[in-house]
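**Q** Quick one, protein.cif (mmCIF, C-alpha atoms and all ligand atoms):
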data_run
loop_
_atom_site.group_PDB
_atom_site.id
_atom_site.type_symbol
_atom_site.label_atom_id
_atom_site.label_comp_id
_atom_site.auth_asym_id
_atom_site.auth_seq_id
_atom_site.Cartn_x
_atom_site.Cartn_y
_atom_site.Cartn_z
ATOM 1 C CA MET A 20 -155.591 27.960 78.123
ATOM 2 C CA ARG A 21 -157.900 28.996 80.912
ATOM 3 C CA LEU A 22 -158.340 25.824 82.944
ATOM 4 C CA SER A 23 -157.068 27.660 86.016
ATOM 5 C CA ASP A 24 -160.228 29.786 85.900
ATOM 6 C CA VAL A 25 -162.688 26.901 86.237
ATOM 7 C CA LYS A 26 -163.589 24.696 89.203
ATOM 8 C CA PRO A 27 -160.707 22.356 90.091
ATOM 9 C CA ILE A 28 -162.767 19.181 89.554
ATOM 10 C CA LEU A 29 -163.653 20.373 86.048
ATOM 11 C CA ALA A 30 -160.054 21.384 85.315
ATOM 12 C CA GLU A 31 -158.940 17.897 86.348
ATOM 13 C CA LYS A 32 -161.473 16.199 84.059
ATOM 14 C CA CYS A 33 -160.519 18.472 81.186
ATOM 15 C CA GLU A 34 -156.848 17.630 81.640
ATOM 16 C CA ALA A 35 -157.915 13.987 81.392
ATOM 17 C CA ILE A 36 -159.762 14.716 78.127
ATOM 18 C CA ILE A 37 -156.682 16.457 76.719
ATOM 19 C CA ALA A 38 -154.594 13.415 77.694
ATOM 20 C CA LEU A 39 -157.096 10.986 76.128
ATOM 21 C CA ALA A 40 -157.060 13.052 72.952
ATOM 22 C CA ALA A 41 -153.265 13.081 72.898
ATOM 23 C CA SER A 42 -153.183 9.303 73.372
ATOM 24 C CA GLU A 43 -155.211 9.010 70.165
ATOM 25 C CA GLY A 44 -153.018 11.495 68.316
ATOM 26 C CA PHE A 45 -155.277 14.549 68.632
ATOM 27 C CA THR A 46 -154.293 17.998 69.864
ATOM 28 C CA LEU A 47 -156.909 19.873 71.877
ATOM 29 C CA ILE A 48 -156.773 23.387 73.220
ATOM 30 C CA VAL A 49 -159.102 25.127 75.639
ATOM 31 C CA THR A 50 -160.760 28.125 74.016
ATOM 32 C CA ASN A 51 -163.131 29.076 76.840
ATOM 33 C CA GLY A 52 -163.458 28.430 80.510
ATOM 34 C CA TYR A 53 -164.795 31.079 82.845
ATOM 35 C CA ARG A 54 -166.796 33.867 81.239
ATOM 36 C CA SER A 55 -168.036 36.956 83.058
ATOM 37 C CA ASN A 56 -171.718 37.874 82.776
ATOM 38 C CA ALA A 57 -170.742 40.819 80.575
ATOM 39 C CA GLU A 58 -168.777 38.536 78.251
ATOM 40 C CA GLN A 59 -171.770 36.187 78.114
ATOM 41 C CA ASP A 60 -174.114 39.070 77.266
ATOM 42 C CA ALA A 61 -171.747 40.090 74.468
ATOM 43 C CA LEU A 62 -171.887 36.559 73.055
ATOM 44 C CA TYR A 63 -175.689 36.548 73.356
ATOM 45 C CA ARG A 64 -175.841 39.649 71.158
ATOM 46 C CA ILE A 65 -173.971 37.906 68.343
ATOM 47 C CA GLY A 66 -176.523 36.989 65.694
ATOM 48 C CA ARG A 67 -179.125 39.237 67.307
ATOM 49 C CA ARG A 68 -177.697 42.659 66.494
ATOM 50 C CA GLY A 69 -178.713 42.943 62.879
ATOM 51 C CA ILE A 70 -175.402 42.065 61.226
ATOM 52 C CA LYS A 71 -176.141 40.282 57.972
ATOM 53 C CA GLY A 72 -175.032 36.653 57.872
ATOM 54 C CA GLU A 73 -174.101 36.556 61.541
ATOM 55 C CA ARG A 74 -175.359 33.496 63.344
ATOM 56 C CA ILE A 75 -176.628 33.070 66.888
ATOM 57 C CA VAL A 76 -173.953 31.344 68.967
ATOM 58 C CA THR A 77 -175.707 30.958 72.305
ATOM 59 C CA ASN A 78 -179.133 31.081 73.892
ATOM 60 C CA ALA A 79 -177.724 31.890 77.315
ATOM 61 C CA ARG A 80 -177.619 35.446 78.634
ATOM 62 C CA GLY A 81 -175.206 36.630 81.291
ATOM 63 C CA GLY A 82 -175.619 34.428 84.378
ATOM 64 C CA GLN A 83 -177.407 31.636 82.509
ATOM 65 C CA SER A 84 -174.373 29.803 81.147
ATOM 66 C CA ASN A 85 -172.376 27.272 83.097
ATOM 67 C CA HIS A 86 -169.323 29.170 81.864
ATOM 68 C CA ASN A 87 -170.444 31.982 84.187
ATOM 69 C CA ARG A 88 -170.324 29.505 87.100
ATOM 70 C CA ARG A 89 -166.877 28.134 86.166
ATOM 71 C CA GLU A 90 -168.519 24.806 85.360
ATOM 72 C CA ALA A 91 -167.954 24.619 81.592
ATOM 73 C CA VAL A 92 -165.099 24.464 79.110
ATOM 74 C CA ASP A 93 -164.938 24.687 75.316
ATOM 75 C CA PHE A 94 -162.295 22.864 73.326
ATOM 76 C CA ALA A 95 -160.919 23.233 69.833
ATOM 77 C CA PHE A 96 -158.923 20.788 67.757
ATOM 78 C CA VAL A 97 -155.595 21.860 66.346
ATOM 79 C CA VAL A 98 -154.765 20.182 63.060
ATOM 80 C CA LYS A 99 -151.443 20.976 61.378
ATOM 81 C CA GLY A 100 -151.053 24.071 63.517
ATOM 82 C CA GLU A 101 -154.506 25.497 62.836
ATOM 83 C CA ILE A 102 -157.824 25.318 64.620
ATOM 84 C CA SER A 103 -160.218 22.965 62.858
ATOM 85 C CA TRP A 104 -164.009 23.146 63.144
ATOM 86 C CA ASN A 105 -164.537 19.868 61.305
ATOM 87 C CA GLU A 106 -167.673 18.575 63.046
ATOM 88 C CA LYS A 107 -166.640 14.938 62.775
ATOM 89 C CA LEU A 108 -163.638 15.629 64.983
ATOM 90 C CA TYR A 109 -165.885 17.127 67.639
ATOM 91 C CA LEU A 110 -167.894 13.959 68.088
ATOM 92 C CA ASN A 111 -164.821 12.722 69.953
ATOM 93 C CA ILE A 112 -165.420 15.364 72.616
ATOM 94 C CA GLY A 113 -168.683 13.637 73.447
ATOM 95 C CA ARG A 114 -166.951 10.284 73.744
ATOM 96 C CA TRP A 115 -164.122 11.581 75.921
ATOM 97 C CA GLY A 116 -166.516 13.687 77.990
ATOM 98 C CA LYS A 117 -168.548 10.594 78.768
ATOM 99 C CA GLN A 118 -165.381 8.713 79.724
ATOM 100 C CA VAL A 119 -164.459 11.306 82.331
ATOM 101 C CA GLY A 120 -168.028 11.973 83.510
ATOM 102 C CA LEU A 121 -168.776 15.347 81.926
ATOM 103 C CA ASN A 122 -171.912 16.430 80.072
ATOM 104 C CA TRP A 123 -171.438 17.249 76.407
ATOM 105 C CA GLY A 124 -173.056 20.143 74.572
ATOM 106 C CA GLY A 125 -173.445 17.925 71.502
ATOM 107 C CA ASN A 126 -176.360 16.215 73.246
ATOM 108 C CA TRP A 127 -178.376 19.415 73.437
ATOM 109 C CA ARG A 128 -181.122 20.562 71.097
ATOM 110 C CA PHE A 129 -179.012 23.659 70.323
ATOM 111 C CA LYS A 130 -175.887 21.615 69.683
ATOM 112 C CA ASP A 131 -172.644 22.925 71.119
ATOM 113 C CA LEU A 132 -170.062 20.357 70.025
ATOM 114 C CA PRO A 133 -166.920 21.920 71.567
ATOM 115 C CA HIS A 134 -168.581 22.292 74.999
ATOM 116 C CA VAL A 135 -168.377 20.104 78.131
ATOM 117 C CA GLU A 136 -169.662 20.866 81.605
ATOM 118 C CA LEU A 137 -170.108 19.422 85.080
HETATM 119 ZN ZN ZN A 201 -169.269 26.324 76.095
#
So, in terms of C-alpha cells, how does the structure I just supplied come out?
Ligand SMILES: [Zn+2]
**A**
Amino acid sequence: MRLSDVKPILAEKCEAIIALAASEGFTLIVTNGYRSNAEQDALYRIGRRGIKGERIVTNARGGQSNHNRREAVDFAFVVKGEISWNEKLYLNIGRWGKQVGLNWGGNWRFKDLPHVEL
C-alpha cells in the first residue's frame, strides 16, 4: 500500500475506489504508486533486454510516466487471498475510476487495465 506516496487528491480518489470496490464485494490492493525515474527505467527494460518470452510492460521511460509525478496508481484484485489478473475484473477499475473522476489506463491504445491517474 503506497497511497501515502502519491498526491493527496489522488490518494483520496483511490481510497474512494477501494471503498466502492468493497461495497460491491471486491478486494483491491494498491500495487504501485510513486515510482522513481530509475524504477521506471528498470520497468522500461522489461521485454526489451533480450529475455525470451518476456513482454514489454510499459512504453514510458524514467520521467515519462505519471507514476514518476505521483499522479498514478495501479490496483490489483485479491480473490480468495491471491492476486487475480482476470481481465474481466479489471474492467471495473474503469467504471470506478470514472465515478471518482480519474483517467483509466484501459482506455489507452497500449492498454493498462490496473492503472488510474489524475
Ligand atoms: Zn500504472
**Q** Can you build me a table of chain A residues sitting at most 6 Å from ligand ZN 201 (chain A), with the closest atom pair per residue and its distance in Å to one decimal, using only C-alpha atoms and all ligand atoms, sorted by chain and residue number, as CSV?
**A**
residue,atom,partner,partner_atom,distance
A:Ala91,CA,A:ZN201,ZN,5.9
A:Val92,CA,A:ZN201,ZN,5.5
A:Asp93,CA,A:ZN201,ZN,4.7
A:His134,CA,A:ZN201,ZN,4.2
**Q** Starting from the displayed file, determine the output of the PyMOL selection byres (((chain A and resi 108-112) around 9) and not hetatm) and express the residue list as number ranges by chain.
**A** A: 36, 40, 94-96, 103-107, 113-117, 123, 125, 132-135
**Q** Print the selection's residues with C-alpha atoms to a file, as a PDB file, keeping the file's coordinate frame.
**A**
ATOM      1  CA  ILE A  36    -159.762  14.716  78.127  1.00  0.00           C
ATOM      2  CA  ALA A  40    -157.060  13.052  72.952  1.00  0.00           C
ATOM      3  CA  PHE A  94    -162.295  22.864  73.326  1.00  0.00           C
ATOM      4  CA  ALA A  95    -160.919  23.233  69.833  1.00  0.00           C
ATOM      5  CA  PHE A  96    -158.923  20.788  67.757  1.00  0.00           C
ATOM      6  CA  SER A 103    -160.218  22.965  62.858  1.00  0.00           C
ATOM      7  CA  TRP A 104    -164.009  23.146  63.144  1.00  0.00           C
ATOM      8  CA  ASN A 105    -164.537  19.868  61.305  1.00  0.00           C
ATOM      9  CA  GLU A 106    -167.673  18.575  63.046  1.00  0.00           C
ATOM     10  CA  LYS A 107    -166.640  14.938  62.775  1.00  0.00           C
ATOM     11  CA  GLY A 113    -168.683  13.637  73.447  1.00  0.00           C
ATOM     12  CA  ARG A 114    -166.951  10.284  73.744  1.00  0.00           C
ATOM     13  CA  TRP A 115    -164.122  11.581  75.921  1.00  0.00           C
ATOM     14  CA  GLY A 116    -166.516  13.687  77.990  1.00  0.00           C
ATOM     15  CA  LYS A 117    -168.548  10.594  78.768  1.00  0.00           C
ATOM     16  CA  TRP A 123    -171.438  17.249  76.407  1.00  0.00           C
ATOM     17  CA  GLY A 125    -173.445  17.925  71.502  1.00  0.00           C
ATOM     18  CA  LEU A 132    -170.062  20.357  70.025  1.00  0.00           C
ATOM     19  CA  PRO A 133    -166.920  21.920  71.567  1.00  0.00           C
ATOM     20  CA  HIS A 134    -168.581  22.292  74.999  1.00  0.00           C
ATOM     21  CA  VAL A 135    -168.377  20.104  78.131  1.00  0.00           C
TER      22      VAL A 135
END
**Q** What would the selection look like, as a compact mmCIF listing (two decimals) with C-alpha atoms, in the coordinates of the input, if the PyMOL selection byres (((chain A and resi 71-82) around 7) and not hetatm) were run on the coordinates I just shared?
**A**
# COMPACT_ATOMS: atom_id res chain seq x y z
CA ASN A 56 -171.72 37.87 82.78
CA ALA A 57 -170.74 40.82 80.58
CA GLN A 59 -171.77 36.19 78.11
CA ASP A 60 -174.11 39.07 77.27
CA LEU A 62 -171.89 36.56 73.06
CA TYR A 63 -175.69 36.55 73.36
CA ILE A 65 -173.97 37.91 68.34
CA GLY A 66 -176.52 36.99 65.69
CA ARG A 67 -179.12 39.24 67.31
CA GLY A 69 -178.71 42.94 62.88
CA ILE A 70 -175.40 42.06 61.23
CA GLN A 83 -177.41 31.64 82.51
CA SER A 84 -174.37 29.80 81.15
CA ASN A 87 -170.44 31.98 84.19
**Q** Any chance you could work out the residue set of the PyMOL selection byres (((chain A and resi 26) around 12) and not hetatm) here, as a ChimeraX atom specification?
**A** /A:21-25,27-33,52-53,85-92,136-137
**Q** Which centre and which edge lengths, in Å to one decimal, describe the axis-aligned box that holds all listed atoms of region 126-129 of chain A after 5 Å is added on each side, as AutoDock Vina command-line options?
**A**
--center_x -178.7 --center_y 19.9 --center_z 71.9 --size_x 14.8 --size_y 17.4 --size_z 13.1
**Q** Figure out the distance between CA of Asn51 (chain A) and CA of Lys130 (chain A), please, to one decimal in Å.
**A**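 Atom-to-atom, CA of Lys130 (chain A) to CA of Asn51 (chain A), that is 16.4 Å.
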**Q** Give me, please, the distance in Å between CA of Leu47 (chain A) and CA of Trp127 (chain A), quoted to one decimal.
**A** 21.5 Å
**Q** For each of A:Asp131, A:Glu34, A:Val49, A:Leu39, take the minimum atom-to-atom distance to Gln118 (chain A), counting all atoms listed in the file, then give the residue where this is smallest.
**A**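 Selected residue with least distance to Gln118 (chain A): A:Leu39.
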**Q** One decimal, in Å: what's the spacing between CA of Ile37 (chain A) and CA of Ile102 (chain A)?
**A**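 CA of Ile37 (chain A) sits 15.0 Å away from CA of Ile102 (chain A).
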